[in-house]
$ cat upload21.cif   # mmCIF, C-alpha atoms
data_entry
loop_
_atom_site.label_atom_id
_atom_site.label_comp_id
_atom_site.auth_asym_id
_atom_site.auth_seq_id
_atom_site.Cartn_x
_atom_site.Cartn_y
_atom_site.Cartn_z
CA MET A 1181 130.69 100.09 97.59
CA GLN A 1182 131.28 97.90 100.60
CA ASN A 1183 127.58 97.80 101.42
CA ARG A 1184 126.78 96.43 97.97
CA LYS A 1185 129.13 93.51 98.52
CA GLN A 1186 127.46 92.51 101.76
CA GLU A 1187 125.15 89.52 101.46
CA ILE A 1188 121.48 89.89 102.15
CA PRO A 1189 120.77 88.35 105.56
CA LYS A 1190 119.54 84.78 105.39
CA ILE A 1191 116.16 83.90 106.72
CA GLU A 1192 117.75 81.48 109.20
CA PRO A 1193 120.29 83.08 111.58
CA ALA A 1194 123.79 81.72 111.99
CA ILE A 1195 124.00 79.37 114.94
CA ASN A 1196 127.57 79.74 116.17
CA GLY A 1197 128.73 83.07 114.76
CA SER A 1198 131.14 85.18 116.78
CA VAL A 1199 129.00 88.25 116.02
CA SER A 1200 125.32 88.14 116.92
CA TYR A 1201 122.72 87.93 114.14
CA GLU A 1202 121.07 91.07 115.45
CA GLN A 1203 124.34 92.98 115.06
CA ASN A 1204 124.82 91.66 111.55
CA THR A 1205 121.29 92.64 110.50
CA ALA A 1206 121.16 96.03 112.19
CA LYS A 1207 122.85 97.70 109.25
CA ALA A 1208 120.58 95.86 106.85
CA VAL A 1209 117.54 97.11 108.73
CA VAL A 1210 118.75 100.71 108.53
CA GLU A 1211 120.75 100.85 105.30
CA LYS A 1212 119.82 98.05 102.95
CA THR A 1213 116.66 96.98 101.17
CA VAL A 1214 116.17 93.26 101.87
CA PHE A 1215 114.62 92.25 98.57
CA ALA A 1216 114.46 88.56 99.47
CA ILE A 1217 111.99 89.33 102.25
CA LEU A 1218 110.11 91.97 100.24
CA PHE A 1219 109.51 89.56 97.35
CA THR A 1220 108.52 86.78 99.75
CA ILE A 1221 106.00 88.93 101.59
CA SER A 1222 104.76 90.25 98.24
CA PHE A 1223 104.26 86.67 97.03
CA THR A 1224 102.24 85.78 100.12
CA HIS A 1225 100.24 88.98 99.61
CA LEU A 1226 99.58 87.73 96.07
CA LEU A 1227 98.28 84.43 97.44
CA ASN A 1228 96.20 86.17 100.12
CA ASP A 1229 94.47 88.59 97.76
CA MET A 1230 94.13 85.99 95.01
CA MET A 1231 92.08 83.84 97.39
CA GLN A 1232 90.03 86.85 98.50
CA SER A 1233 89.30 87.88 94.92
CA VAL A 1234 87.59 84.55 94.35
CA ILE A 1235 84.63 85.95 96.32
CA PRO A 1236 83.51 88.66 93.84
CA ALA A 1237 84.61 86.50 90.91
CA ILE A 1238 81.98 83.86 91.73
CA TYR A 1239 79.14 86.33 92.34
CA PRO A 1240 77.37 85.40 89.07
CA ILE A 1241 77.44 81.72 90.12
CA LEU A 1242 76.19 82.44 93.64
CA LYS A 1243 73.50 84.76 92.31
CA ASP A 1244 72.12 82.08 89.99
CA ASN A 1245 72.53 79.12 92.40
CA TYR A 1246 70.87 80.79 95.37
CA HIS A 1247 68.63 83.31 93.54
CA LEU A 1248 70.32 86.25 95.27
CA SER A 1249 69.43 89.89 94.74
CA PHE A 1250 72.04 92.57 94.13
CA THR A 1251 71.41 93.71 97.71
CA GLN A 1252 72.41 90.26 98.98
CA ILE A 1253 75.48 90.33 96.74
CA GLY A 1254 76.37 93.63 98.35
CA LEU A 1255 75.85 92.15 101.83
CA ILE A 1256 78.31 89.35 101.04
CA THR A 1257 80.92 91.94 100.14
CA LEU A 1258 80.00 94.04 103.18
CA THR A 1259 80.42 91.05 105.51
CA PHE A 1260 83.82 90.20 104.06
CA GLN A 1261 85.06 93.78 103.96
CA MET A 1262 83.84 94.67 107.45
CA THR A 1263 85.50 91.64 109.08
CA ALA A 1264 88.60 92.45 107.04
CA SER A 1265 88.55 96.09 108.12
CA LEU A 1266 87.23 96.57 111.66
CA LEU A 1267 89.97 94.58 113.39
CA GLN A 1268 92.92 95.89 111.38
CA PRO A 1269 93.63 99.13 113.29
CA PHE A 1270 93.39 97.26 116.61
CA VAL A 1271 95.66 94.47 115.38
CA GLY A 1272 98.11 97.06 114.09
CA HIS A 1273 98.04 99.08 117.33
CA TYR A 1274 98.64 95.94 119.39
CA THR A 1275 101.49 94.64 117.23
CA ASP A 1276 103.20 98.05 117.23
CA LYS A 1277 103.65 97.46 120.96
CA LYS A 1278 103.96 93.67 120.93
CA PRO A 1279 104.87 92.34 117.47
CA ARG A 1280 103.68 88.81 116.76
CA PRO A 1281 105.76 87.49 113.83
CA PHE A 1282 103.88 84.21 113.51
CA SER A 1283 100.47 85.86 113.45
CA LEU A 1284 101.01 86.12 109.67
CA SER A 1285 100.69 82.36 109.22
CA ILE A 1286 97.79 82.23 111.71
CA GLY A 1287 95.91 84.82 109.63
CA MET A 1288 96.43 82.72 106.53
CA GLY A 1289 94.99 79.78 108.48
CA PHE A 1290 91.68 81.64 108.93
CA THR A 1291 91.61 82.22 105.17
CA LEU A 1292 92.14 78.48 104.63
CA LEU A 1293 89.15 77.66 106.86
CA GLY A 1294 87.01 80.23 105.06
CA LEU A 1295 87.78 78.84 101.61
CA VAL A 1296 86.98 75.28 102.65
CA ALA A 1297 83.72 76.47 104.24
CA LEU A 1298 82.81 78.48 101.12
CA SER A 1299 83.30 75.47 98.86
CA PHE A 1300 80.75 73.52 100.98
CA ALA A 1301 78.36 76.40 101.77
CA SER A 1302 74.77 75.57 100.91
CA SER A 1303 72.91 78.71 101.95
CA PHE A 1304 73.24 82.48 101.96
CA TYR A 1305 74.05 82.57 105.69
CA LEU A 1306 76.78 79.93 105.37
CA ILE A 1307 78.25 82.02 102.56
CA LEU A 1308 78.31 85.01 104.91
CA LEU A 1309 80.08 82.94 107.60
CA SER A 1310 82.65 81.69 105.09
CA VAL A 1311 83.55 85.12 103.75
CA ALA A 1312 83.73 86.44 107.34
CA LEU A 1313 86.48 83.88 108.09
CA ILE A 1314 88.36 84.96 104.97
CA GLY A 1315 88.00 88.58 106.04
CA LEU A 1316 89.29 87.76 109.52
CA GLY A 1317 92.42 86.26 107.97
CA SER A 1318 92.95 89.44 106.01
CA SER A 1319 92.60 91.62 109.12
CA VAL A 1320 95.46 89.75 110.77
CA PHE A 1321 97.67 89.52 107.68
CA HIS A 1322 97.84 93.12 106.45
CA PRO A 1323 99.09 95.16 109.43
CA GLU A 1324 101.93 92.79 110.33
CA SER A 1325 102.96 92.20 106.71
CA SER A 1326 103.15 95.98 106.23
CA ARG A 1327 105.46 96.14 109.24
CA VAL A 1328 107.65 93.47 107.64
CA ALA A 1329 107.80 95.47 104.40
CA HIS A 1330 108.70 98.62 106.34
CA LEU A 1331 111.39 96.77 108.30
CA ALA A 1332 112.91 95.36 105.11
CA SER A 1333 112.72 98.64 103.16
CA GLY A 1334 116.15 99.98 104.03
CA GLY A 1335 114.68 103.47 103.83
CA LYS A 1336 113.08 103.00 100.41
CA LYS A 1337 109.61 102.98 101.89
CA GLY A 1338 107.67 103.80 98.75
CA LEU A 1339 109.44 101.10 96.75
CA ALA A 1340 109.00 98.54 99.54
CA GLN A 1341 105.30 99.32 99.93
CA SER A 1342 104.82 99.08 96.18
CA ILE A 1343 106.54 95.69 95.99
CA PHE A 1344 104.36 94.48 98.85
CA GLN A 1345 101.20 96.02 97.42
CA VAL A 1346 101.75 94.84 93.85
CA GLY A 1347 101.67 91.28 95.11
CA GLY A 1348 98.17 91.86 96.43
CA ASN A 1349 97.00 93.61 93.29
CA THR A 1350 98.48 90.89 91.09
CA GLY A 1351 96.69 88.29 93.18
CA SER A 1352 93.45 90.24 92.85
CA ALA A 1353 93.91 90.18 89.08
CA ILE A 1354 94.79 86.49 88.89
CA GLY A 1355 91.95 85.36 91.15
CA PRO A 1356 89.07 86.10 88.75
CA LEU A 1357 91.03 84.56 85.88
CA LEU A 1358 91.59 81.33 87.83
CA ALA A 1359 87.99 81.38 88.99
CA ALA A 1360 86.88 81.62 85.35
CA VAL A 1361 88.97 78.54 84.52
CA ILE A 1362 88.46 76.45 87.67
CA VAL A 1363 85.18 77.44 89.35
CA VAL A 1364 82.87 78.79 86.64
CA PRO A 1365 82.95 75.63 84.45
CA PHE A 1366 82.85 73.08 87.29
CA GLY A 1367 80.93 74.68 90.15
CA GLN A 1368 81.22 76.12 93.63
CA PHE A 1369 82.89 73.08 95.25
CA TYR A 1370 86.04 73.65 93.16
CA ILE A 1371 86.80 76.71 95.28
CA ILE A 1372 88.49 74.19 97.55
CA TRP A 1373 91.45 74.05 95.16
CA PHE A 1374 92.33 77.58 96.23
CA ALA A 1375 92.91 76.23 99.74
CA LEU A 1376 96.21 74.84 98.43
CA ALA A 1377 97.39 78.41 97.98
CA ALA A 1378 96.63 79.07 101.66
CA ILE A 1379 98.74 76.10 102.72
CA ILE A 1380 101.63 77.29 100.54
CA GLY A 1381 101.25 80.79 101.95
CA MET A 1382 101.38 79.51 105.53
CA ALA A 1383 104.66 77.69 104.82
CA PHE A 1384 106.28 80.85 103.40
CA LEU A 1385 104.94 83.02 106.21
CA ILE A 1386 106.41 80.75 108.88
CA ARG A 1387 109.85 81.40 107.37
CA VAL A 1388 109.18 85.13 107.09
CA GLY A 1389 108.07 85.05 110.72
CA LYS A 1390 111.43 83.60 111.72
CA TRP A 1391 113.29 86.38 109.87
CA TYR A 1392 110.97 88.97 111.38
CA GLN A 1393 111.49 87.61 114.88
CA ASN A 1394 115.28 87.69 114.52
CA ASN A 1395 115.24 91.27 113.24
CA LEU A 1396 112.96 92.79 115.87
CA ARG A 1397 115.78 93.27 118.36
CA ALA A 1398 117.95 94.92 115.72
CA ALA A 1399 115.12 97.29 114.82
CA LYS A 1400 114.58 98.16 118.49
CA LYS A 1401 118.24 99.21 118.77
CA LYS A 1402 117.56 102.11 116.42
CA PRO A 1403 117.84 105.29 118.53
CA LYS A 1404 114.56 106.95 119.46
CA THR A 1405 116.03 110.25 118.30
CA ALA A 1406 115.95 108.83 114.76
CA ILE A 1407 112.15 108.65 115.01
CA LEU A 1408 111.99 112.23 116.27
CA ASP A 1409 114.22 113.36 113.41
CA ALA A 1410 111.83 111.69 110.97
CA MET A 1411 108.79 113.52 112.32
CA PRO A 1412 107.37 116.30 110.13
CA HIS A 1413 107.45 119.74 111.73
CA LEU A 1414 103.66 119.94 111.96
CA SER A 1415 101.19 120.52 114.77
CA LYS A 1416 99.05 117.64 115.99
CA LYS A 1417 96.00 119.40 114.58
CA ARG A 1418 97.60 119.65 111.12
CA VAL A 1419 98.63 116.01 111.26
CA GLY A 1420 95.08 115.04 112.26
CA TRP A 1421 93.49 117.00 109.43
CA SER A 1422 95.99 115.52 106.98
CA ILE A 1423 94.98 112.01 108.07
CA VAL A 1424 91.32 112.94 107.56
CA ILE A 1425 92.08 114.22 104.04
CA LEU A 1426 93.91 110.99 103.22
CA LEU A 1427 90.94 108.94 104.47
CA VAL A 1428 88.56 110.96 102.27
CA LEU A 1429 90.81 110.17 99.32
CA ILE A 1430 90.74 106.50 100.29
CA PHE A 1431 86.93 106.73 100.35
CA SER A 1432 86.93 108.19 96.84
CA LYS A 1433 89.28 105.55 95.48
CA TYR A 1434 87.73 102.49 97.08
CA PHE A 1435 84.10 103.46 96.58
CA TYR A 1436 84.88 103.68 92.88
CA MET A 1437 86.93 100.47 93.02
CA ALA A 1438 83.91 98.75 94.60
CA SER A 1439 81.84 99.57 91.52
CA MET A 1440 84.50 97.97 89.33
CA THR A 1441 85.43 94.87 91.35
CA SER A 1442 81.86 93.92 92.35
CA TYR A 1443 79.74 95.11 89.41
CA PHE A 1444 81.93 95.59 86.34
CA THR A 1445 81.20 92.02 85.21
CA PHE A 1446 77.45 92.60 85.59
CA TYR A 1447 77.77 95.91 83.76
CA LEU A 1448 79.49 94.23 80.80
CA ILE A 1449 77.00 91.35 80.73
CA GLU A 1450 73.97 93.65 80.91
CA LYS A 1451 75.10 96.41 78.56
CA PHE A 1452 77.15 94.46 76.00
CA ASN A 1453 75.71 90.93 76.41
CA VAL A 1454 79.13 89.30 76.92
CA SER A 1455 79.48 85.85 78.51
CA VAL A 1456 80.39 85.33 82.19
CA GLN A 1457 83.84 84.02 81.27
CA ALA A 1458 84.49 86.95 78.91
CA SER A 1459 83.46 89.39 81.62
CA GLN A 1460 85.97 87.74 83.99
CA LEU A 1461 88.73 88.19 81.42
CA TYR A 1462 87.89 91.89 81.08
CA LEU A 1463 87.91 92.21 84.88
CA PHE A 1464 91.34 90.55 84.83
CA ALA A 1465 92.55 93.21 82.38
CA PHE A 1466 91.38 95.96 84.73
CA LEU A 1467 92.93 94.34 87.81
CA GLY A 1468 96.17 93.68 85.92
CA ALA A 1469 96.39 97.39 85.18
CA VAL A 1470 95.82 98.02 88.90
CA ALA A 1471 98.86 95.86 89.69
CA VAL A 1472 101.07 97.75 87.24
CA GLY A 1473 99.90 101.13 88.51
CA THR A 1474 100.70 100.16 92.09
CA VAL A 1475 104.39 99.65 91.29
CA MET A 1476 104.52 102.93 89.43
CA GLY A 1477 102.92 104.87 92.29
CA GLY A 1478 105.36 103.82 94.99
CA SER A 1479 108.57 104.38 93.06
CA LEU A 1480 107.37 107.66 91.52
CA GLY A 1481 106.32 108.84 94.96
CA ASP A 1482 109.85 108.21 96.29
CA ARG A 1483 111.28 110.20 93.41
CA PHE A 1484 108.91 113.12 92.84
CA GLY A 1485 107.00 113.45 96.10
CA ARG A 1486 104.03 111.46 97.31
CA LYS A 1487 101.60 114.38 97.45
CA TYR A 1488 101.86 114.96 93.71
CA ILE A 1489 101.41 111.29 92.89
CA ILE A 1490 98.29 111.21 95.11
CA TRP A 1491 96.93 114.29 93.35
CA ILE A 1492 97.54 112.95 89.84
CA SER A 1493 96.25 109.45 90.54
CA ILE A 1494 92.94 110.50 92.13
CA LEU A 1495 91.95 113.68 90.30
CA GLY A 1496 93.70 112.71 87.07
CA VAL A 1497 91.47 109.70 86.54
CA ALA A 1498 88.22 111.74 86.57
CA PRO A 1499 88.03 112.38 82.78
CA PHE A 1500 88.21 108.64 82.13
CA THR A 1501 85.63 107.64 84.74
CA MET A 1502 83.17 110.23 83.43
CA LEU A 1503 83.64 109.05 79.83
CA LEU A 1504 83.36 105.31 80.56
CA PRO A 1505 79.52 105.01 80.70
CA TYR A 1506 79.12 106.52 77.22
CA VAL A 1507 81.44 104.39 75.05
CA ASN A 1508 81.28 101.04 73.26
CA LEU A 1509 82.76 97.74 74.52
CA SER A 1510 86.26 98.23 73.09
CA TRP A 1511 86.61 101.72 74.52
CA THR A 1512 85.09 100.54 77.82
CA ILE A 1513 87.93 98.03 78.23
CA ILE A 1514 90.57 100.59 77.19
CA LEU A 1515 89.23 103.17 79.64
CA ALA A 1516 88.95 100.56 82.41
CA ILE A 1517 92.64 99.70 81.93
CA LEU A 1518 93.62 103.38 82.05
CA ILE A 1519 91.49 103.91 85.15
CA GLY A 1520 93.08 100.94 86.89
CA LEU A 1521 96.58 102.05 85.92
CA ILE A 1522 96.19 105.63 87.18
CA LEU A 1523 93.90 105.18 90.17
CA SER A 1524 95.92 102.34 91.72
CA SER A 1525 99.08 104.42 91.92
CA ALA A 1526 97.54 106.32 94.86
CA PHE A 1527 97.44 103.75 97.65
CA SER A 1528 101.15 103.11 98.17
CA ALA A 1529 101.81 106.85 98.12
CA ILE A 1530 98.94 107.53 100.55
CA LEU A 1531 100.05 104.84 102.99
CA VAL A 1532 103.71 105.88 103.05
CA TYR A 1533 102.69 109.55 103.32
CA ALA A 1534 100.58 108.63 106.37
CA THR A 1535 103.41 106.70 108.02
CA ASP A 1536 105.64 109.75 107.47
CA LEU A 1537 103.05 111.85 109.27
CA VAL A 1538 103.00 109.45 112.26
CA PRO A 1539 106.43 107.78 112.52
CA GLY A 1540 106.84 104.70 114.68
CA LYS A 1541 103.21 103.58 114.22
CA VAL A 1542 103.49 101.56 111.03
CA GLY A 1543 101.20 98.75 112.16
CA MET A 1544 98.45 101.06 113.41
CA ILE A 1545 98.57 103.30 110.33
CA ALA A 1546 98.66 100.32 107.97
CA GLY A 1547 95.76 98.72 109.84
CA LEU A 1548 93.79 101.98 109.78
CA PHE A 1549 94.26 102.57 106.05
CA PHE A 1550 93.92 98.96 104.89
CA GLY A 1551 90.95 98.56 107.21
CA PHE A 1552 89.30 101.78 106.06
CA ALA A 1553 89.94 100.84 102.44
CA PHE A 1554 88.29 97.44 102.91
CA GLY A 1555 85.46 98.99 104.90
CA MET A 1556 84.75 101.56 102.21
CA GLY A 1557 84.88 98.83 99.61
CA GLY A 1558 82.35 96.80 101.58
CA ILE A 1559 80.00 99.70 102.32
CA GLY A 1560 80.34 100.88 98.74
CA SER A 1561 79.49 97.44 97.37
CA ALA A 1562 76.46 97.07 99.64
CA PHE A 1563 75.17 100.55 98.88
CA LEU A 1564 75.76 100.21 95.14
CA GLY A 1565 74.05 96.80 95.13
CA TRP A 1566 71.03 98.29 96.90
CA LEU A 1567 71.03 101.18 94.42
CA ALA A 1568 71.37 98.86 91.42
CA ASP A 1569 68.27 96.92 92.53
CA ARG A 1570 66.30 100.17 92.55
CA THR A 1571 67.78 101.74 89.42
CA SER A 1572 70.20 99.85 87.16
CA ILE A 1573 73.80 98.70 86.94
CA GLU A 1574 74.50 101.40 84.36
CA TYR A 1575 73.23 104.10 86.72
CA ILE A 1576 75.82 103.32 89.41
CA PHE A 1577 78.62 103.79 86.87
CA HIS A 1578 77.19 107.16 85.92
CA LEU A 1579 77.03 108.12 89.60
CA CYS A 1580 80.48 106.83 90.65
CA ALA A 1581 82.15 108.62 87.74
CA PHE A 1582 82.25 111.84 89.81
CA LEU A 1583 84.01 110.36 92.87
CA PRO A 1584 87.58 111.09 91.65
CA LEU A 1585 86.77 114.82 91.70
CA LEU A 1586 87.32 114.59 95.47
CA GLY A 1587 91.02 114.42 94.56
CA MET A 1588 90.99 118.23 94.54
CA ILE A 1589 91.34 118.26 98.35
CA THR A 1590 94.87 116.84 97.97
CA GLY A 1591 95.96 120.46 97.60
CA PHE A 1592 95.40 120.92 101.35
CA LEU A 1593 98.05 118.34 102.27
CA PRO A 1594 101.44 119.68 103.45
CA ASN A 1595 104.52 119.06 101.31
CA LEU A 1596 106.38 116.78 103.72
CA GLU A 1597 109.45 116.57 101.51
CA HIS A 1598 110.01 120.31 101.93
CA HIS A 1599 109.29 120.64 105.65
CA PRO A 1600 112.22 121.17 108.04
CA ARG A 1601 112.97 118.38 110.44
CA ARG A 1602 113.14 118.63 114.19
CA ALA A 1603 116.56 119.41 115.59
CA LYS A 1604 118.36 116.74 117.53
#

$ encode --input "upload21.cif" --output "structure tokens"
Amino acid sequence: MQNRKQEIPKIEPAINGSVSYEQNTAKAVVEKTVFAILFTISFTHLLNDMMQSVIPAIYPILKDNYHLSFTQIGLITLTFQMTASLLQPFVGHYTDKKPRPFSLSIGMGFTLLGLVALSFASSFYLILLSVALIGLGSSVFHPESSRVAHLASGGKKGLAQSIFQVGGNTGSAIGPLLAAVIVVPFGQFYIIWFALAAIIGMAFLIRVGKWYQNNLRAAKKKPKTAILDAMPHLSKKRVGWSIVILLVLIFSKYFYMASMTSYFTFYLIEKFNVSVQASQLYLFAFLGAVAVGTVMGGSLGDRFGRKYIIWISILGVAPFTMLLPYVNLSWTIILAILIGLILSSAFSAILVYATDLVPGKVGMIAGLFFGFAFGMGGIGSAFLGWLADRTSIEYIFHLCAFLPLLGMITGFLPNLEHHPRRAK
């Protein structure tokens, strides 16, 4: 009861307290979930992913303005996703050893530069440069922000990751909607209005950086034996194979997600002859369902076991993906919402499961999985764009429908919740 009455630590430390700020926050780091920080980092994740989601949302405009092929559309996504993915594991590995609290705001600064450049871009190659800057900002933001969420979790890692992740998914859902209202009617230059979100995000992240900096010492005081106690009683080989299985599941999820985020609007326009703005609204409905499913996945994983949530969310979506290419517009939207709701519940569970496999390496694991997810999204978009040019948009939805069947390999993952822990 006493813990509930304690106040959540303020972002600014006390200046002349008789007890050090690190001592006051040590218990919070270990025992309490610091919701003020979780919601703040989730909000900045919302802003970050909202700005990123402008890129696929304006594909129809860029395609018409610059007479781009679907292959070039795929290359834009590939450029963004590769710059957003390749650096993440290295950033995470570095910050695990030497945390850089204010790198969060620096990463948002790269996104700001990319958005301004994209609003002025006048050629395909300038578009590629602009999205590369936005991707670079993402590669800096995600590993360190995941560490902040982990630090503020108070042990509720699935819940904390879901709160953090739902901000990003909500931003991804809002971005196309705002693009439909702001950019589609008025033109490419109006992307610059999204730069305001980057400035707001930088201001919030500076304050989060201060909290993060003041809590690092408290986190370091946690005994190393606590990390050993948290390690699953598994061989290095079993841990390695489990990571590989999780990455295959990420491939399945994000290759399918690439078909939806990059080509669902084109699919609706081509098959059902809807307008560009209507297609953006339908994409918003799908991405909104993704945001809701993310929250469900993390909290359900904490309660029932992450392996089972991973299994249900990947394999369980297969009947809906295989049915989607054969139904009318109304059922297409309904199935898309169900797919988004179920499939999105996997990522938080996968990421927390991976950090349980490799304790003490939150930044590296977050960088690896966020980076791999973005990379698969980029490769998937480029490949599917190339395939669409040679076949049709409808064909790629027929093909991708079978990807969730890879969820069957989840059965080879160990049940971490039931494994004995190492003795002290």

$ closest_residue --input "upload21.cif" --among "A:Gly1351, A:Pro1505, A:Gly1477, A:Gly1468" --to "Phe1223 of chain A" --atoms "all atoms listed in the file"
A:Gly1351

$ residues_near_point --input "upload21.cif" --point "(90.7, 78.3, 89.4)" --cutoff "12 Å" --atoms "only C-alpha atoms" --output "PyMOL selection string"
chain A and resi 1230-1231+1233-1235+1237-1238+1354-1377+1460

$ residues_around --input "upload21.cif" --residues "Asp1276 of chain A" --least-positions-apart "2" --cutoff "7 Å" --atoms "all atoms listed in the file" --output "PyMOL selection string"
chain A and resi 1272-1274+1278-1279+1541+1543-1544

$ atom_distance --input "upload21.cif" --atom1 "atom CA of Thr1474 of chain A" --atom2 "atom CA of Ser1525 of chain A"
4.6 Å

$ resolve_selection --input "upload21.cif" --expression "the PyMOL selection byres ((chain A and resi 1487-1500) around 9)" --output "short mmCIF file (atom, residue, chain, number, x, y, z; two decimals) with C-alpha atoms, in the coordinates of the input"
data_model
loop_
_atom_site.label_atom_id
_atom_site.label_comp_id
_atom_site.auth_asym_id
_atom_site.auth_seq_id
_atom_site.Cartn_x
_atom_site.Cartn_y
_atom_site.Cartn_z
CA LEU A 1429 90.81 110.17 99.32
CA SER A 1432 86.93 108.19 96.84
CA LYS A 1433 89.28 105.55 95.48
CA GLY A 1477 102.92 104.87 92.29
CA GLY A 1478 105.36 103.82 94.99
CA LEU A 1480 107.37 107.66 91.52
CA GLY A 1481 106.32 108.84 94.96
CA PHE A 1484 108.91 113.12 92.84
CA GLY A 1485 107.00 113.45 96.10
CA ARG A 1486 104.03 111.46 97.31
CA THR A 1501 85.63 107.64 84.74
CA MET A 1502 83.17 110.23 83.43
CA LEU A 1503 83.64 109.05 79.83
CA LEU A 1504 83.36 105.31 80.56
CA LEU A 1515 89.23 103.17 79.64
CA ALA A 1516 88.95 100.56 82.41
CA LEU A 1518 93.62 103.38 82.05
CA ILE A 1519 91.49 103.91 85.15
CA GLY A 1520 93.08 100.94 86.89
CA LEU A 1521 96.58 102.05 85.92
CA ILE A 1522 96.19 105.63 87.18
CA LEU A 1523 93.90 105.18 90.17
CA SER A 1524 95.92 102.34 91.72
CA SER A 1525 99.08 104.42 91.92
CA ALA A 1526 97.54 106.32 94.86
CA PHE A 1527 97.44 103.75 97.65
CA ALA A 1529 101.81 106.85 98.12
CA ILE A 1530 98.94 107.53 100.55
CA TYR A 1533 102.69 109.55 103.32
CA ALA A 1581 82.15 108.62 87.74
CA PHE A 1582 82.25 111.84 89.81
CA LEU A 1583 84.01 110.36 92.87
CA PRO A 1584 87.58 111.09 91.65
CA LEU A 1585 86.77 114.82 91.70
CA LEU A 1586 87.32 114.59 95.47
CA GLY A 1587 91.02 114.42 94.56
CA MET A 1588 90.99 118.23 94.54
CA ILE A 1589 91.34 118.26 98.35
CA THR A 1590 94.87 116.84 97.97
CA GLY A 1591 95.96 120.46 97.60
CA LEU A 1593 98.05 118.34 102.27
CA PRO A 1594 101.44 119.68 103.45
CA ASN A 1595 104.52 119.06 101.31
CA LEU A 1596 106.38 116.78 103.72
#

$ resolve_selection --input "upload21.cif" --expression "the PyMOL selection byres ((chain A and resi 1333) around 8)" --output "ChimeraX atom specification"
/A:1209,1212-1214,1218,1329-1332,1334-1337,1339-1340

$ closest_residue --input "upload21.cif" --among "A:Thr1220, A:Thr1257, A:Ser1510, A:Thr1350" --to "Ser1561 of chain A" --atoms "only C-alpha atoms"
A:Thr1257

$ closest_residue --input "upload21.cif" --among "A:Phe1300, A:Phe1250, A:Phe1563, A:Phe1444" --to "Ala1458 of chain A" --atoms "only C-alpha atoms"
A:Phe1444

$ residues_near_point --input "upload21.cif" --point "(88.5, 92.5, 77.4)" --cutoff "10 Å" --atoms "all atoms listed in the file" --output "PDB file with C-alpha atoms, keeping the file's coordinate frame"
ATOM      1  CA  LEU A1448      79.490  94.230  80.800  1.00  0.00           C
ATOM      2  CA  VAL A1454      79.130  89.300  76.920  1.00  0.00           C
ATOM      3  CA  ALA A1458      84.490  86.950  78.910  1.00  0.00           C
ATOM      4  CA  SER A1459      83.460  89.390  81.620  1.00  0.00           C
ATOM      5  CA  GLN A1460      85.970  87.740  83.990  1.00  0.00           C
ATOM      6  CA  LEU A1461      88.730  88.190  81.420  1.00  0.00           C
ATOM      7  CA  TYR A1462      87.890  91.890  81.080  1.00  0.00           C
ATOM      8  CA  LEU A1463      87.910  92.210  84.880  1.00  0.00           C
ATOM      9  CA  PHE A1464      91.340  90.550  84.830  1.00  0.00           C
ATOM     10  CA  ALA A1465      92.550  93.210  82.380  1.00  0.00           C
ATOM     11  CA  PHE A1466      91.380  95.960  84.730  1.00  0.00           C
ATOM     12  CA  LEU A1509      82.760  97.740  74.520  1.00  0.00           C
ATOM     13  CA  SER A1510      86.260  98.230  73.090  1.00  0.00           C
ATOM     14  CA  TRP A1511      86.610 101.720  74.520  1.00  0.00           C
ATOM     15  CA  THR A1512      85.090 100.540  77.820  1.00  0.00           C
ATOM     16  CA  ILE A1513      87.930  98.030  78.230  1.00  0.00           C
ATOM     17  CA  ILE A1514      90.570 100.590  77.190  1.00  0.00           C
ATOM     18  CA  ALA A1516      88.950 100.560  82.410  1.00  0.00           C
ATOM     19  CA  ILE A1517      92.640  99.700  81.930  1.00  0.00           C
TER      20      ILE A1517
END

$ closest_residue --input "upload21.cif" --among "A:Ile1286, A:Val1346, A:Leu1227, A:Ala1378" --to "Gly1473 of chain A" --atoms "only C-alpha atoms"
A:Val1346

$ closest_residue --input "upload21.cif" --among "A:Phe1270, A:Gln1232, A:Val1388, A:Ser1283" --to "Ser1310 of chain A" --atoms "all atoms listed in the file"
A:Gln1232

$ atom_distance --input "upload21.cif" --atom1 "atom CA of Leu1292 of chain A" --atom2 "atom CA of Phe1431 of chain A"
29.0 Å

$ atom_distance --input "upload21.cif" --atom1 "atom CA of Thr1263 of chain A" --atom2 "atom CA of Asp1569 of chain A"
24.5 Å

$ resolve_selection --input "upload21.cif" --expression "the PyMOL selection byres ((chain A and resi 1318) around 10)" --output "ChimeraX atom specification"
/A:1225,1228-1229,1232,1260-1261,1263-1265,1267-1268,1284,1287-1288,1290-1291,1312-1317,1319-1323,1550-1551,1554

$ axis_aligned_box --input "upload21.cif" --around "segment 1247-1264 of chain A" --padding-each-side "4 Å" --output "lines of an AutoDock Vina configuration file"
center_x = 78.6
center_y = 89.0
center_z = 101.3
size_x = 28.0
size_y = 19.4
size_z = 23.5

$ residues_around --input "upload21.cif" --residues "Tyr1246 of chain A" --least-positions-apart "6" --cutoff "12 Å" --atoms "only C-alpha atoms" --output "mmCIF file with C-alpha atoms, in the frame of the given file"
data_model
loop_
_atom_site.group_PDB
_atom_site.id
_atom_site.type_symbol
_atom_site.label_atom_id
_atom_site.label_comp_id
_atom_site.auth_asym_id
_atom_site.auth_seq_id
_atom_site.Cartn_x
_atom_site.Cartn_y
_atom_site.Cartn_z
ATOM 1 C CA TYR A 1239 79.140 86.330 92.340
ATOM 2 C CA PRO A 1240 77.370 85.400 89.070
ATOM 3 C CA GLN A 1252 72.410 90.260 98.980
ATOM 4 C CA ILE A 1253 75.480 90.330 96.740
ATOM 5 C CA ALA A 1301 78.360 76.400 101.770
ATOM 6 C CA SER A 1302 74.770 75.570 100.910
ATOM 7 C CA SER A 1303 72.910 78.710 101.950
ATOM 8 C CA PHE A 1304 73.240 82.480 101.960
ATOM 9 C CA TYR A 1305 74.050 82.570 105.690
ATOM 10 C CA LEU A 1306 76.780 79.930 105.370
ATOM 11 C CA ILE A 1307 78.250 82.020 102.560
ATOM 12 C CA GLN A 1368 81.220 76.120 93.630
#
